[in-house]
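Participant: Submitted below is the structure of interest, expressed as structure tokens.
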Amino acid sequence: MVFKPYPKLVASLAVAVLGGMMALVPAVAPAQEKKEKKVKDQAEYDVFTAASNAVKAGDWAKANQLLLQWKEKYPESDYKEDRQLMIVTSYQNLRQGDKMWEATRDLLAMNPKSLPGLFFMTTLTISLNNPAPERLEAGEKAARGLIDNLDTFFDPAKKPAGASDAQLAAERLQMETTARKTLGWIAMTRKDNEKAEKEFSDLLKANPNAGGQISYWLGTVMLQQKKPEKQVPALWHFARAAYFDKGESLTAEGKKQLQAFLERNYSNYHGSKEGLKELIDGALANPFPPENFKIESAQERAIREEEEMKAKDPQKALWLGVKKELAGPDGPKYFAEHLKGNALPKLKGKVVSATPAARPKEVVVAISTDDNAEIKLKLDAPFASKADPGTVIEFEGGVASDFSPDPFMLTLDQEKEKVTGWPAPARPAAAPKRAVGKKK
């Protein structure tokens, strides 16, 4: 369990009667009918004094013991609410979370609008991490109570002396952030992911700097809805959580793990890491993606690139489509049913090798890349010259006769006359002219 400091205004309310029989600071408490408080007798005063001295000495175990004795002997004391708040505070200092929760529940039973009570119950719901239905219900009620009474609790007209409007606004935002975080966590724990998404979104709208933890939870509940339209926004929130340093952030190890998760899932979705940095930069600048934000999926990217290829190089696009089928698990079947014995249209590629070198009758060609052997041309007649690797040639009407999936190779029976781009044979060197002698 993690005990977190509570806002200064809540702390001011936690200054109970102990230490001088003074009333709680009423700065942000709901307006109540004022009533003079008195001890019932000397015995109540004595136990109060003893508890006060223990608090001043920082002996919270002794203070807790005396406060419980006081409660048992004087259950209807004029100071019972103040005393109950100090019992809550004593359990907090003793790091006894479950007893603190029970004491806070009793405090709220006395005063359902107790600001410290509502705040403690709200924070304990997450820190104790107890999913029992009664715990979640109590936490939800407390968090709603905080939000519903923010205007009353943080009325500028009732702020403490010396406090500025900015300080009051900052503490109000902290209180609202805590309440909405708890509401989102409760919905997430109940596996009501749509409601959790709304609560976490409302939190980030109210406080964009709430921290990466909230963005992580938001991305998580969006993914768990298993809706395709939620996948891209979830990646945005994971990107923010993985790198955001303000507010309540993930641990260094948590960020490292999430960064790896983000890179892997972004690459799987998009088909590469291209654009990932722009996603991260955008998420760090804004907790929500812009309207109509989109990440191109790998499938969408493949379709776009195929259309661009068709426009730019239709021959290569045609071959890539054929090769995709041949390279698939049913490649041999595709060859037998769709290619074998059929002539292919005009294609363009680069020479990888030719045999024999001087008068080649077989030429291996690459189309997809510069040197990836893909097609073997078996010529009906040899070329009278050789071609260097990388020479660009076009060939048309080659009849598919054989196919090997591994290593990949499609064999075409090719008419030499339907191949263009092959270097012409070098002209033979002219014979030297004979010198003509003078007549004698």
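Identifiers for the structure tokens are assigned positionally: chains receive A, B, ... in sequence, residues are indexed from 1 per chain, and ligands are indexed from 1 in the order shown.
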Please provide as an mmCIF file with C-alpha atoms, in the first residue's frame all residues within 8 Å of region 334-349 of chain A, with the sequence filter that same-chain residues fewer than 4 positions apart are discarded (counting only C-alpha atoms).
Facilitator:
data_model
loop_
_atom_site.group_PDB
_atom_site.id
_atom_site.type_symbol
_atom_site.label_atom_id
_atom_site.label_comp_id
_atom_site.auth_asym_id
_atom_site.auth_seq_id
_atom_site.Cartn_x
_atom_site.Cartn_y
_atom_site.Cartn_z
ATOM 1 C CA GLN A 315 5.458 -4.268 -65.725
ATOM 2 C CA LYS A 316 7.080 -4.576 -62.310
ATOM 3 C CA TRP A 319 5.370 -9.375 -61.895
ATOM 4 C CA GLU A 325 1.152 -15.927 -55.599
ATOM 5 C CA LEU A 326 4.131 -18.128 -56.502
ATOM 6 C CA ASP A 330 0.146 -22.648 -52.675
ATOM 7 C CA VAL A 365 16.862 -12.138 -64.755
ATOM 8 C CA ALA A 366 15.947 -10.073 -61.662
ATOM 9 C CA ILE A 367 12.841 -7.893 -61.647
ATOM 10 C CA ASP A 370 18.710 -5.490 -59.109
ATOM 11 C CA VAL A 392 18.342 -4.046 -68.656
ATOM 12 C CA ILE A 393 16.367 -6.205 -71.078
ATOM 13 C CA GLU A 394 12.711 -6.650 -71.995
ATOM 14 C CA PHE A 395 11.204 -9.994 -72.953
ATOM 15 C CA GLU A 396 7.742 -10.931 -74.128
ATOM 16 C CA GLY A 397 5.768 -14.090 -74.769
ATOM 17 C CA GLY A 398 7.911 -16.428 -72.688
ATOM 18 C CA VAL A 399 6.006 -19.649 -71.998
ATOM 19 C CA ALA A 400 6.111 -20.858 -68.373
ATOM 20 C CA SER A 401 7.618 -24.349 -68.376
ATOM 21 C CA ASP A 402 8.946 -24.979 -64.850
ATOM 22 C CA PHE A 403 8.910 -23.554 -61.331
#
Participant: Which residues come within 10 Å of Ala373 (chain A), counting only C-alpha atoms, excluding same-chain residues fewer than 2 positions away, as a list in words?
Facilitator: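 Contacts, with the query itself left out: Lys350, Val351, Val352, Ser353, Val364, Val365, Ala366, Ile367, Ser368, Thr369, Asp370, Asp371, Ile375, Lys376, Pro407, Phe408, Met409 and Leu410 of chain A.
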Participant: Using only C-alpha atoms, determine which residues lie at most 9 Å from Lys386 (chain A), disregarding the query and same-chain residues fewer than 5 positions distant; provide the list as a PyMOL selection string.
Facilitator: chain A and resi 354+356-360+422-425
Participant: Counting only C-alpha atoms, what is within 7 Å of region 259-265 of chain A, bar same-chain residues fewer than 4 positions away, as a list in words?
Facilitator: Leu235, Phe238, Ala239, Ala242, Lys255 and Tyr269 of chain A
Participant: Okay, now the selection with N, CA and C atoms, as a PDB file, in the first residue's frame?
Facilitator:
ATOM      1  N   LEU A 235      -2.787   3.275 -29.381  1.00  0.00           N
ATOM      2  CA  LEU A 235      -1.354   3.435 -29.622  1.00  0.00           C
ATOM      3  C   LEU A 235      -0.892   4.846 -29.277  1.00  0.00           C
ATOM      4  N   PHE A 238      -0.548   4.965 -25.515  1.00  0.00           N
ATOM      5  CA  PHE A 238       0.636   4.209 -25.090  1.00  0.00           C
ATOM      6  C   PHE A 238       1.908   4.995 -25.399  1.00  0.00           C
ATOM      7  N   ALA A 239       1.938   5.687 -26.538  1.00  0.00           N
ATOM      8  CA  ALA A 239       3.109   6.501 -26.879  1.00  0.00           C
ATOM      9  C   ALA A 239       3.312   7.593 -25.838  1.00  0.00           C
ATOM     10  N   ALA A 242       4.553   6.034 -22.547  1.00  0.00           N
ATOM     11  CA  ALA A 242       5.909   5.490 -22.627  1.00  0.00           C
ATOM     12  C   ALA A 242       6.985   6.549 -22.504  1.00  0.00           C
ATOM     13  N   LYS A 255       8.403   2.257 -18.336  1.00  0.00           N
ATOM     14  CA  LYS A 255       8.513   2.980 -19.609  1.00  0.00           C
ATOM     15  C   LYS A 255       9.288   2.171 -20.636  1.00  0.00           C
ATOM     16  N   TYR A 269       1.341  -3.172 -36.915  1.00  0.00           N
ATOM     17  CA  TYR A 269       0.143  -2.564 -37.494  1.00  0.00           C
ATOM     18  C   TYR A 269       0.463  -1.827 -38.794  1.00  0.00           C
TER      19      TYR A 269
END
Participant: Excluding Lys181 (chain A) and its own-chain neighbours fewer than 2 positions away, which residues fall within 10 Å of it when counting only C-alpha atoms? Please give them as a ChimeraX atom specification.
Facilitator: /A:122-123,126,143,175-179,183-186,196,199-204,210,213-214,217
Participant: Can you write just those residues out, C-alpha atoms, as a compact mmCIF listing (two decimals), in the first residue's frame?
Facilitator:
# COMPACT_ATOMS: atom_id res chain seq x y z
CA THR A 122 -11.05 7.99 -2.56
CA THR A 123 -7.28 7.49 -2.37
CA ILE A 126 -6.66 2.49 -5.25
CA ALA A 143 -15.03 10.11 -5.48
CA MET A 175 -8.58 16.89 -5.86
CA GLU A 176 -10.56 16.49 -9.09
CA THR A 177 -7.68 14.53 -10.65
CA THR A 178 -7.62 12.16 -7.70
CA ALA A 179 -11.38 11.63 -7.81
CA LEU A 183 -13.54 6.48 -10.78
CA GLY A 184 -11.64 5.27 -13.84
CA TRP A 185 -9.71 2.70 -11.82
CA ILE A 186 -12.91 1.35 -10.27
CA ALA A 196 -13.31 3.51 -17.63
CA GLU A 199 -13.58 8.53 -16.82
CA PHE A 200 -9.90 8.56 -17.82
CA SER A 201 -10.70 10.77 -20.83
CA ASP A 202 -12.59 13.23 -18.61
CA LEU A 203 -9.59 13.28 -16.28
CA LEU A 204 -7.14 14.13 -19.06
CA ALA A 210 -2.08 14.21 -15.07
CA GLN A 213 -0.06 6.36 -15.76
CA ILE A 214 -3.49 7.63 -16.79
CA TRP A 217 -4.67 2.89 -18.30
Participant: Using Å and a single decimal, report how far CA of Thr125 (chain A) sits from CA of Glu137 (chain A).
Facilitator: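 Distance between the two atoms: 9.4 Å.
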Participant: To one decimal in Å, tell me the separation between CA of Leu108 (chain A) and CA of Ile87 (chain A).
Facilitator: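 If I compute the distance from CA of Leu108 (chain A) to CA of Ile87 (chain A), I get 12.9 Å.
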Participant: Which of region 35-165 of chain A counts as helix (DSSP H, G or I) under DSSP, as an MDAnalysis selection string please?
Facilitator: chainID A and resid 42:57 60:73 80:93 97:110 115:127 133:148 150:153 156:158 165
Participant: Skipping near chain neighbours, those fewer than 4 positions away, what residues fall within 8 Å of Phe244 (chain A) using only C-alpha atoms, listed as a ChimeraX atom specification?
Facilitator: /A:211-212,240,249,284
Participant: Write out the residues from the selection above, keeping C-alpha atoms, as an mmCIF file, in the first residue's frame.
Facilitator:
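What landed in out.cif:
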data_model
loop_
_atom_site.group_PDB
_atom_site.id
_atom_site.type_symbol
_atom_site.label_atom_id
_atom_site.label_comp_id
_atom_site.auth_asym_id
_atom_site.auth_seq_id
_atom_site.Cartn_x
_atom_site.Cartn_y
_atom_site.Cartn_z
ATOM 1 C CA GLY A 211 0.702 11.841 -16.121
ATOM 2 C CA GLY A 212 1.606 8.802 -18.160
ATOM 3 C CA ARG A 240 2.338 9.261 -24.381
ATOM 4 C CA SER A 249 4.453 8.747 -14.668
ATOM 5 C CA LEU A 284 3.824 14.239 -25.904
#
